[in-house]
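A short worksheet on the structure shown next.
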Amino acid sequence: MQNEKETKEKLMKSAKAEFMEKGYMSASLRTICKKAGVTTGALYFFFKDKEDLFASLVQEPLDKMMKIITDHYESETDHIFEHIKDSDSENIEFADDFVASSKAIKLLYSYYDEMILLIAKSQGSRFENSMDKFVSITEKHYTKISEIICTNKNMPNMDANVIHWISHVHIEAFAYLLTHVKSEDEAEKILPHIIKYLTGGWYRLYDFF
């Protein structure tokens, strides 16, 4: 007789396949249990409901990605004055952006299926707005950074709509890699071009170049 750990693992494996194929809303708990070879009673022993089962797959990678992003933004805020003082584009350091972005890429591909579930298969669950949450955090960060830059350069604050759009572009760049580039190695090759483009465009708005 299989133990509880094995039963839970089978349920999660079956659930991942069902959610990946049909999405959260259309996924069937009965089908998940059937393919896992367990009863629905066994499922409810481990999970409260379908959303709890979905959360068991995506919550951990979501939390890890959130930490990578927030840690990077805090570090970037601490060092923004160094970027402001350096008006020579050849000397602006993008090392922190590359390091944080590389961590994000590694996490995305380590949890490839789970991240696809979050991005494309979570409609109807509490996770369906995860991308918007990343955009919101990014928007708050760049609003703060923009205010620092504009104050330093004695110029009007950046239009909020522009910052909102830029925040979407930043987050969607990583979603694009995950949904269009199957290999982590290939994504790492593309990443420097994306970071240089996004970061260069951001600073160009303030005539840093």
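Numbering starts fresh at 1 for the residues of each chain in the structure tokens, the chains themselves are lettered A, B, ... in the order given, and ligands are numbered from 1 as they appear.
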| task | Please give the complete set of residues from segment 111-189 of chain A that DSSP, run on the backbone, assigns to helix (DSSP H, G or I), formatted as an MDAnalysis selection string. | result | chainID A and resid 112:120 130:152 160:180 184:189
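For Lys64 of chain A, the residues within 12 Å (counting only C-alpha atoms, excluding itself and residues fewer than 6 positions away along the chain) are Val58, Thr70, Asp71, Lys103, Ala104, Ile105, Lys106, Leu107, Leu108, Ser110, Tyr111 and Met115 of chain A.
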| task | For each of A:Leu29, A:Phe174, A:Thr199, A:Asn129, take the minimum atom-to-atom distance to Lys48 of chain A, counting only C-alpha atoms, then give the residue where this is smallest. | result |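 Distance minimum relative to Lys48 of chain A lands on A:Leu29.
Counting only C-alpha atoms, the residue from A:Met131, A:Met155, A:Val99, A:Ile69 that sits nearest to His168 of chain A is A:Met131.
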| message | Give me, as a count of residues only, all polymer residues having an atom no more than 10 Å from segment 175-183 of chain A, counting only C-alpha atoms and skipping those fewer than 2 positions away in the same chain. | response | 21
| task | Pick out the closest residue to Val135 of chain A from this set: A:Ala36, A:Ala42, A:Ile195, A:Ile166. Count only C-alpha atoms. | result | A:Ile166
| request: Find the residues near Lys153 of chain A: any atom within 10 Å, counting only C-alpha atoms, skip ones fewer than 5 places away on the same chain, and give them as a PyMOL selection string. | output: chain A and resi 84+147-148+206-207
| Hey, what's within 9 Å of Thr77 of chain A if we count only C-alpha atoms and toss same-chain stuff fewer than 4 positions away? As a ChimeraX atom specification, please? | /A:72-73,81,141,144-145
Please write the residues from the selection above to a file, keeping C-alpha atoms, as a PDB file, in the first residue's frame.
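Okay, out.pdb is ready:
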```
ATOM      1  CA  HIS A  72      16.673  43.358  -6.718  1.00  0.00           C
ATOM      2  CA  TYR A  73      14.469  46.439  -6.545  1.00  0.00           C
ATOM      3  CA  PHE A  81      22.491  57.684  -6.924  1.00  0.00           C
ATOM      4  CA  HIS A 141       9.631  50.677  -7.913  1.00  0.00           C
ATOM      5  CA  LYS A 144      10.153  55.805  -6.874  1.00  0.00           C
ATOM      6  CA  ILE A 145      13.283  55.643  -9.030  1.00  0.00           C
TER       7      ILE A 145
END
```
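The closest residue to Asp96 of chain A, picked from A:Glu18, A:Ser146, A:Glu76, A:Glu114 and counting only C-alpha atoms, is A:Glu76.
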| field | Distance of atom CA of Gly41 of chain A from atom CA of Leu57 of chain A, expressed in Å to one decimal place | value |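 Separating atom CA of Leu57 of chain A from atom CA of Gly41 of chain A is a distance of 19.6 Å.
Of note, atom CA of Lys50 of chain A and atom CA of Lys10 of chain A are spaced 15.2 Å apart.
Of the listed residues A:Lys67, A:Lys196, A:Arg204, A:Lys121, the one whose atoms come nearest to Ile149 of chain A is A:Arg204, with distances taken using only C-alpha atoms.
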| note | Judged by only C-alpha atoms, the minimum distance to Ser102 of chain A among A:Glu21, A:Glu184, A:Asp78, A:Asp63 is found for A:Glu184
| query | Within 12 Å of Tyr44 of chain A, counting only C-alpha atoms, which residues qualify if same-chain residues fewer than 5 places away don't, as a VMD selection string? | reply | chain A and resid 7 to 8 11 29 to 30 33 38 to 39 49 to 53
Include C-alpha atoms and write out the residues we just selected as a tab-separated table (two decimals), in the first residue's frame.
```
chain	number	residue	atom	x	y	z
A	7	THR	CA	-0.14	9.40	-2.79
A	8	LYS	CA	0.32	13.16	-2.56
A	11	LEU	CA	-1.95	13.57	-7.08
A	29	LEU	CA	-10.68	16.69	-9.94
A	30	ARG	CA	-12.29	13.37	-10.84
A	33	CYS	CA	-7.87	11.30	-9.06
A	38	VAL	CA	-6.70	7.35	-5.89
A	39	THR	CA	-10.16	8.21	-4.62
A	49	ASP	CA	-10.30	22.08	-2.90
A	50	LYS	CA	-9.13	22.49	-6.49
A	51	GLU	CA	-7.56	25.88	-5.81
A	52	ASP	CA	-5.59	24.47	-2.89
A	53	LEU	CA	-4.32	21.72	-5.18
```
